[in-house]
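Q: My structure file input-v6.cif, mmCIF, C-alpha atoms, is below:
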```cif
data_work
#
loop_
_atom_site.group_PDB
_atom_site.id
_atom_site.type_symbol
_atom_site.label_atom_id
_atom_site.label_comp_id
_atom_site.auth_asym_id
_atom_site.auth_seq_id
_atom_site.Cartn_x
_atom_site.Cartn_y
_atom_site.Cartn_z
ATOM 1 C CA MET V 828 -106.893 -98.426 76.489
ATOM 2 C CA THR V 829 -109.224 -99.966 79.021
ATOM 3 C CA THR V 830 -112.477 -101.780 78.342
ATOM 4 C CA CYS V 831 -114.773 -104.226 80.160
ATOM 5 C CA ASP V 832 -116.013 -107.619 79.073
ATOM 6 C CA ALA V 833 -119.670 -108.693 79.326
ATOM 7 C CA ASP V 834 -119.153 -109.708 82.970
ATOM 8 C CA GLY V 835 -117.541 -106.362 83.877
ATOM 9 C CA ARG V 836 -113.980 -107.765 84.014
ATOM 10 C CA PRO V 837 -111.396 -105.151 83.025
ATOM 11 C CA ASN V 838 -109.114 -105.394 80.010
ATOM 12 C CA ALA V 839 -106.132 -103.170 79.238
ATOM 13 C CA ALA V 840 -104.105 -103.002 76.047
ATOM 14 C CA PRO V 841 -101.659 -100.514 74.550
ATOM 15 C CA MET V 842 -102.836 -98.741 71.401
ATOM 16 C CA SER V 843 -100.287 -98.095 68.677
ATOM 17 C CA PHE V 844 -102.694 -96.403 66.303
ATOM 18 C CA PHE V 845 -104.450 -93.677 68.284
ATOM 19 C CA ASN V 846 -104.882 -89.951 67.828
ATOM 20 C CA VAL V 847 -107.135 -87.048 68.685
ATOM 21 C CA PHE V 848 -109.285 -86.483 65.615
ATOM 22 C CA SER V 849 -111.338 -83.416 66.551
ATOM 23 C CA GLN V 850 -111.818 -81.042 69.450
ATOM 24 C CA ASP V 851 -115.408 -79.916 68.774
ATOM 25 C CA PRO V 852 -116.916 -82.410 69.191
ATOM 26 C CA PRO V 853 -114.038 -84.116 70.988
ATOM 27 C CA ILE V 854 -113.339 -87.253 68.945
ATOM 28 C CA VAL V 855 -110.518 -89.798 69.192
ATOM 29 C CA ILE V 856 -109.630 -92.305 66.494
ATOM 30 C CA LEU V 857 -108.251 -95.812 67.034
ATOM 31 C CA GLY V 858 -106.966 -98.379 64.596
ATOM 32 C CA ILE V 859 -107.257 -101.941 65.896
ATOM 33 C CA GLN V 860 -105.796 -104.873 63.950
ATOM 34 C CA ALA V 861 -106.864 -108.493 64.264
ATOM 35 C CA LYS V 862 -104.703 -111.037 66.079
ATOM 36 C CA PRO V 863 -102.093 -112.778 63.891
ATOM 37 C CA CYS V 864 -104.481 -115.750 63.605
ATOM 38 C CA GLY V 865 -107.143 -113.399 62.180
ATOM 39 C CA SER V 866 -109.526 -113.367 65.154
ATOM 40 C CA GLU V 867 -110.707 -110.137 66.728
ATOM 41 C CA LYS V 868 -108.830 -108.808 69.756
ATOM 42 C CA GLU V 869 -110.562 -108.681 73.133
ATOM 43 C CA THR V 870 -110.392 -104.875 73.134
ATOM 44 C CA LEU V 871 -112.401 -104.565 69.918
ATOM 45 C CA ARG V 872 -114.904 -107.232 71.009
ATOM 46 C CA ASN V 873 -115.468 -105.292 74.241
ATOM 47 C CA ILE V 874 -115.830 -101.982 72.395
ATOM 48 C CA ARG V 875 -118.347 -103.453 69.945
ATOM 49 C CA ARG V 876 -120.432 -104.923 72.769
ATOM 50 C CA SER V 877 -120.378 -102.036 75.261
ATOM 51 C CA GLN V 878 -119.802 -99.071 72.921
ATOM 52 C CA GLU V 879 -117.439 -97.633 75.591
ATOM 53 C CA PHE V 880 -113.706 -97.415 76.232
ATOM 54 C CA THR V 881 -111.172 -95.321 78.108
ATOM 55 C CA VAL V 882 -108.002 -93.987 76.516
ATOM 56 C CA ASN V 883 -105.254 -93.752 79.153
ATOM 57 C CA LEU V 884 -102.321 -91.593 78.118
ATOM 58 C CA CYS V 885 -98.852 -92.765 79.052
ATOM 59 C CA ASP V 886 -95.649 -91.173 80.327
ATOM 60 C CA MET V 887 -92.276 -92.672 81.234
ATOM 61 C CA ALA V 888 -93.410 -93.493 84.782
ATOM 62 C CA ILE V 889 -95.816 -96.157 83.463
ATOM 63 C CA ALA V 890 -94.275 -96.986 80.063
ATOM 64 C CA GLN V 891 -93.111 -100.493 81.048
ATOM 65 C CA GLN V 892 -96.521 -101.400 82.469
ATOM 66 C CA MET V 893 -98.149 -100.097 79.272
ATOM 67 C CA VAL V 894 -95.991 -102.408 77.157
ATOM 68 C CA ASP V 895 -96.608 -105.348 79.523
ATOM 69 C CA CYS V 896 -100.388 -104.897 79.204
ATOM 70 C CA GLY V 897 -99.960 -105.904 75.545
ATOM 71 C CA ILE V 898 -98.394 -109.313 76.221
ATOM 72 C CA GLY V 899 -101.579 -111.142 75.183
ATOM 73 C CA PHE V 900 -102.769 -112.672 78.421
ATOM 74 C CA PRO V 901 -105.967 -114.770 78.515
ATOM 75 C CA ASP V 902 -109.166 -112.722 78.453
ATOM 76 C CA ASP V 903 -109.882 -113.241 82.162
ATOM 77 C CA VAL V 904 -106.583 -111.606 83.269
ATOM 78 C CA ASP V 905 -106.721 -108.061 84.658
ATOM 79 C CA GLU V 906 -103.641 -106.531 82.995
ATOM 80 C CA VAL V 907 -103.863 -103.340 85.061
ATOM 81 C CA GLU V 908 -103.669 -105.231 88.348
ATOM 82 C CA LEU V 909 -101.108 -107.748 87.045
ATOM 83 C CA THR V 910 -98.681 -104.981 86.027
ATOM 84 C CA GLY V 911 -98.960 -103.166 89.361
ATOM 85 C CA LEU V 912 -101.178 -100.328 88.179
ATOM 86 C CA SER V 913 -104.466 -99.307 89.783
ATOM 87 C CA HIS V 914 -108.038 -98.865 88.584
ATOM 88 C CA ALA V 915 -109.801 -95.549 89.150
ATOM 89 C CA PRO V 916 -113.538 -95.344 88.531
ATOM 90 C CA SER V 917 -114.744 -93.537 85.448
ATOM 91 C CA LEU V 918 -117.487 -90.961 85.906
ATOM 92 C CA LYS V 919 -119.658 -91.504 82.815
ATOM 93 C CA ILE V 920 -118.850 -94.976 81.446
ATOM 94 C CA ALA V 921 -118.219 -98.457 82.839
ATOM 95 C CA PRO V 922 -114.563 -99.098 81.918
ATOM 96 C CA ALA V 923 -112.288 -97.791 84.655
ATOM 97 C CA ARG V 924 -109.284 -95.630 83.895
ATOM 98 C CA VAL V 925 -105.695 -96.249 84.965
ATOM 99 C CA GLU V 926 -105.152 -94.200 88.121
ATOM 100 C CA GLU V 927 -101.441 -93.629 87.407
ATOM 101 C CA ALA V 928 -102.066 -92.279 83.885
ATOM 102 C CA PRO V 929 -101.367 -88.536 83.592
ATOM 103 C CA ALA V 930 -104.547 -88.143 81.533
ATOM 104 C CA ALA V 931 -107.488 -90.307 80.531
ATOM 105 C CA MET V 932 -110.458 -89.867 78.217
ATOM 106 C CA GLU V 933 -113.738 -91.659 78.785
ATOM 107 C CA CYS V 934 -115.234 -92.372 75.352
ATOM 108 C CA ARG V 935 -118.427 -93.604 73.736
ATOM 109 C CA VAL V 936 -118.335 -95.075 70.254
ATOM 110 C CA SER V 937 -119.500 -92.765 67.477
ATOM 111 C CA GLN V 938 -118.709 -95.117 64.612
ATOM 112 C CA ILE V 939 -116.811 -98.289 63.780
ATOM 113 C CA ILE V 940 -115.508 -98.713 60.250
ATOM 114 C CA ASP V 941 -114.587 -102.299 59.412
ATOM 115 C CA TYR V 942 -111.891 -103.387 57.001
ATOM 116 C CA PRO V 943 -110.458 -106.850 56.446
ATOM 117 C CA ARG V 944 -108.441 -107.762 59.590
ATOM 118 C CA ARG V 945 -108.818 -104.319 61.187
ATOM 119 C CA ALA V 946 -111.271 -101.666 62.318
ATOM 120 C CA ILE V 947 -111.226 -97.917 62.807
ATOM 121 C CA VAL V 948 -113.070 -96.753 65.905
ATOM 122 C CA LEU V 949 -114.237 -93.171 66.332
ATOM 123 C CA GLY V 950 -115.067 -92.333 69.928
ATOM 124 C CA GLU V 951 -116.569 -89.203 71.417
ATOM 125 C CA VAL V 952 -114.833 -88.055 74.590
ATOM 126 C CA VAL V 953 -117.520 -87.681 77.256
ATOM 127 C CA GLN V 954 -115.204 -87.057 80.233
ATOM 128 C CA MET V 955 -111.573 -86.026 80.536
ATOM 129 C CA HIS V 956 -109.250 -86.570 83.489
ATOM 130 C CA VAL V 957 -105.903 -84.728 83.657
ATOM 131 C CA ARG V 958 -103.408 -84.669 86.510
ATOM 132 C CA ASP V 959 -103.419 -81.082 87.873
ATOM 133 C CA ALA V 960 -99.630 -80.737 87.666
ATOM 134 C CA CYS V 961 -99.759 -81.400 83.910
ATOM 135 C CA LEU V 962 -101.717 -78.217 83.195
ATOM 136 C CA ASP V 963 -100.825 -74.533 83.320
ATOM 137 C CA ALA V 964 -102.348 -72.277 86.000
ATOM 138 C CA ALA V 965 -105.406 -71.573 83.842
ATOM 139 C CA GLY V 966 -105.945 -75.305 83.286
ATOM 140 C CA ARG V 967 -105.925 -74.811 79.525
ATOM 141 C CA TYR V 968 -102.537 -75.926 78.199
ATOM 142 C CA VAL V 969 -100.257 -78.860 78.919
ATOM 143 C CA ARG V 970 -97.013 -78.061 80.714
ATOM 144 C CA PRO V 971 -94.452 -79.912 78.532
ATOM 145 C CA GLU V 972 -91.836 -79.868 81.278
ATOM 146 C CA VAL V 973 -94.245 -81.931 83.412
ATOM 147 C CA TYR V 974 -96.124 -84.139 80.949
ATOM 148 C CA GLN V 975 -93.996 -85.828 78.318
ATOM 149 C CA PRO V 976 -96.123 -88.418 76.535
ATOM 150 C CA VAL V 977 -94.710 -91.676 75.260
ATOM 151 C CA ALA V 978 -95.599 -92.677 71.698
ATOM 152 C CA ARG V 979 -94.865 -95.790 69.702
ATOM 153 C CA LEU V 980 -92.921 -95.432 66.465
ATOM 154 C CA HIS V 981 -92.849 -99.075 65.325
ATOM 155 C CA ALA V 982 -92.110 -102.535 66.733
ATOM 156 C CA ASP V 983 -90.400 -102.019 70.122
ATOM 157 C CA ASN V 984 -89.362 -98.418 69.380
ATOM 158 C CA TYR V 985 -90.906 -95.548 71.308
ATOM 159 C CA ILE V 986 -90.285 -91.829 71.644
ATOM 160 C CA VAL V 987 -90.913 -89.352 74.430
ATOM 161 C CA SER V 988 -91.954 -85.781 73.858
ATOM 162 C CA ASP V 989 -89.248 -83.970 75.799
ATOM 163 C CA ARG V 990 -88.610 -80.988 73.533
ATOM 164 C CA GLN V 991 -91.315 -78.526 72.566
ATOM 165 C CA PHE V 992 -90.812 -75.639 70.197
ATOM 166 C CA GLU V 993 -93.003 -73.048 68.529
ATOM 167 C CA LEU V 994 -93.240 -72.368 64.792
ATOM 168 C CA LYS V 995 -95.235 -69.515 63.322
ATOM 169 C CA ALA V 996 -96.046 -68.748 59.724
ATOM 170 C CA THR V 997 -93.520 -66.641 57.821
ATOM 171 C CA PRO V 998 -94.805 -63.045 58.224
ATOM 172 C CA ALA V 999 -94.357 -62.129 54.543
ATOM 173 C CA LEU V 1000 -96.307 -65.204 53.408
ATOM 174 C CA ALA V 1001 -99.033 -64.607 55.980
ATOM 175 C CA ALA V 1002 -99.296 -60.966 54.845
ATOM 176 C CA ALA V 1003 -99.453 -62.046 51.180
ATOM 177 C CA LYS V 1004 -102.438 -64.246 51.968
ATOM 178 C CA ALA V 1005 -104.290 -61.284 53.426
ATOM 179 C CA SER V 1006 -103.906 -59.202 50.281
#
```
Please render this file's structure as structure tokens.

A:
Amino acid sequence: MTTCDADGRPNAAPMSFFNVFSQDPPIVILGIQAKPCGSEKETLRNIRRSQEFTVNLCDMAIAQQMVDCGIGFPDDVDEVELTGLSHAPSLKIAPARVEEAPAAMECRVSQIIDYPRRAIVLGEVVQMHVRDACLDAAGRYVRPEVYQPVARLHADNYIVSDRQFELKATPALAAAKAS
């Protein structure tokens, strides 16, 4: 996740609680907890102020840098630069994306739902960036042999999506529904 502070300084932080919520309109959902001391994290402060953020998807090539961006550096530290990654300009919002990310979504806030010590952020995707090699020839589907996203399970445990399979409804049950 990348955001900008009020002076335009970049901030990057990994997001444990993130998912795609809808495709039409394209909406992502984030869950952002407070710091252990109870204060709001820089990422959420930036999102509240600017109403913009970029979700940068991760693969094994940048997994260590993603984790290192979450160390909790002072607010004036550029985590992207510090970890050896690069900024790439966004097209429709201020926060830059991570150039090395296989995909990135530029988002504008649709809604923020506050709870004690956490917030849920709904963001509309206004621009998508995907590395060409990650998509099939038609540019419609992800090529799982090329893009294998990294996801956090819990604590310091992550998984990589390196095995895709297809499941279809049982024909007899699907036919029974139709009758």

Q: When distances are computed from only C-alpha atoms, which of V:Asp895, V:Glu879, V:Glu867, V:Asp851 shows the smallest separation from V:Gln938?

A: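 Looking at the shortest contact to V:Gln938, the residue is V:Glu879.
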
Q: Would you mind listing what lies within 12 Å of V:Phe992 as a VMD selection string, with all atoms listed in the file counted and same-chain residues fewer than 4 positions away left out?

A: chain V and resid 971 to 972 988

Q: Please determine, counting all atoms listed in the file, which residue among V:Thr997, V:Gln975, V:Gln878, V:Ser917 has the shortest atom-to-atom distance to V:Gln954.

A: V:Ser917

Q: Around all listed atoms of stretch 931-944 of chain V, padded 6 Å per side, what centre and edge lengths does the axis-aligned box have in Å to one decimal, as AutoDock Vina command-line options?

A:
```
--center_x -113.5 --center_y -98.8 --center_z 68.5 --size_x 24.0 --size_y 29.9 --size_z 36.1
```

Q: Carefully work through the PyMOL selection byres ((chain V and resi 944-946) around 8) for this structure and note down the residues it includes, as a VMD selection string.

A: chain V and resid 858 to 861 865 to 867 939 to 943 947 to 948

Q: For stretch 976-984 of chain V, list every protein, DNA or RNA residue within 10 Å, evaluated using all atoms listed in the file, and leave out those in the same chain fewer than 6 positions away; present the list as number ranges by chain.

A: V: 841-845, 884-890, 893-894, 929-930

Q: With distances taken over all atoms listed in the file, which of V:Asp832, V:Glu927, V:Asp989, V:Glu933 is nearest to V:Gln892?

A: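 Looking at the shortest contact to V:Gln892, the residue is V:Glu927.
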
Q: Tell me, as number ranges by chain, which residues lie within 6 Å of V:Asn838, counting only C-alpha atoms; anything in the same chain fewer than 4 positions away does not count.

A: V: 829-831, 905

Q: Could you write out the selected residues, including C-alpha atoms, as a CSV table (one decimal), in the frame of the given file?

A:
```
chain,number,residue,atom,x,y,z
V,829,THR,CA,-109.2,-100.0,79.0
V,830,THR,CA,-112.5,-101.8,78.3
V,831,CYS,CA,-114.8,-104.2,80.2
V,905,ASP,CA,-106.7,-108.1,84.7
```

Q: Given the file above and the PyMOL selection byres ((chain V and resi 873) around 12), which residues are selected, and can you give them as a VMD selection string?

A: chain V and resid 828 to 840 867 to 872 874 to 881 902 921 to 922 936

Q: Could you tell me how far atom CA of V:Val855 sits from atom CA of V:Glu951, in Å to one decimal place?

A: 6.5 Å

Q: I need the residue nearest V:Ala928 from this list: V:Ala1002, V:Tyr974, V:Tyr968, V:Cys896. Use all atoms listed in the file for the distance.

A: V:Tyr974

Q: Quick one: distance from atom CA of V:Arg958 to atom CA of V:Phe848 in Å, one decimal?

A: 21.8 Å
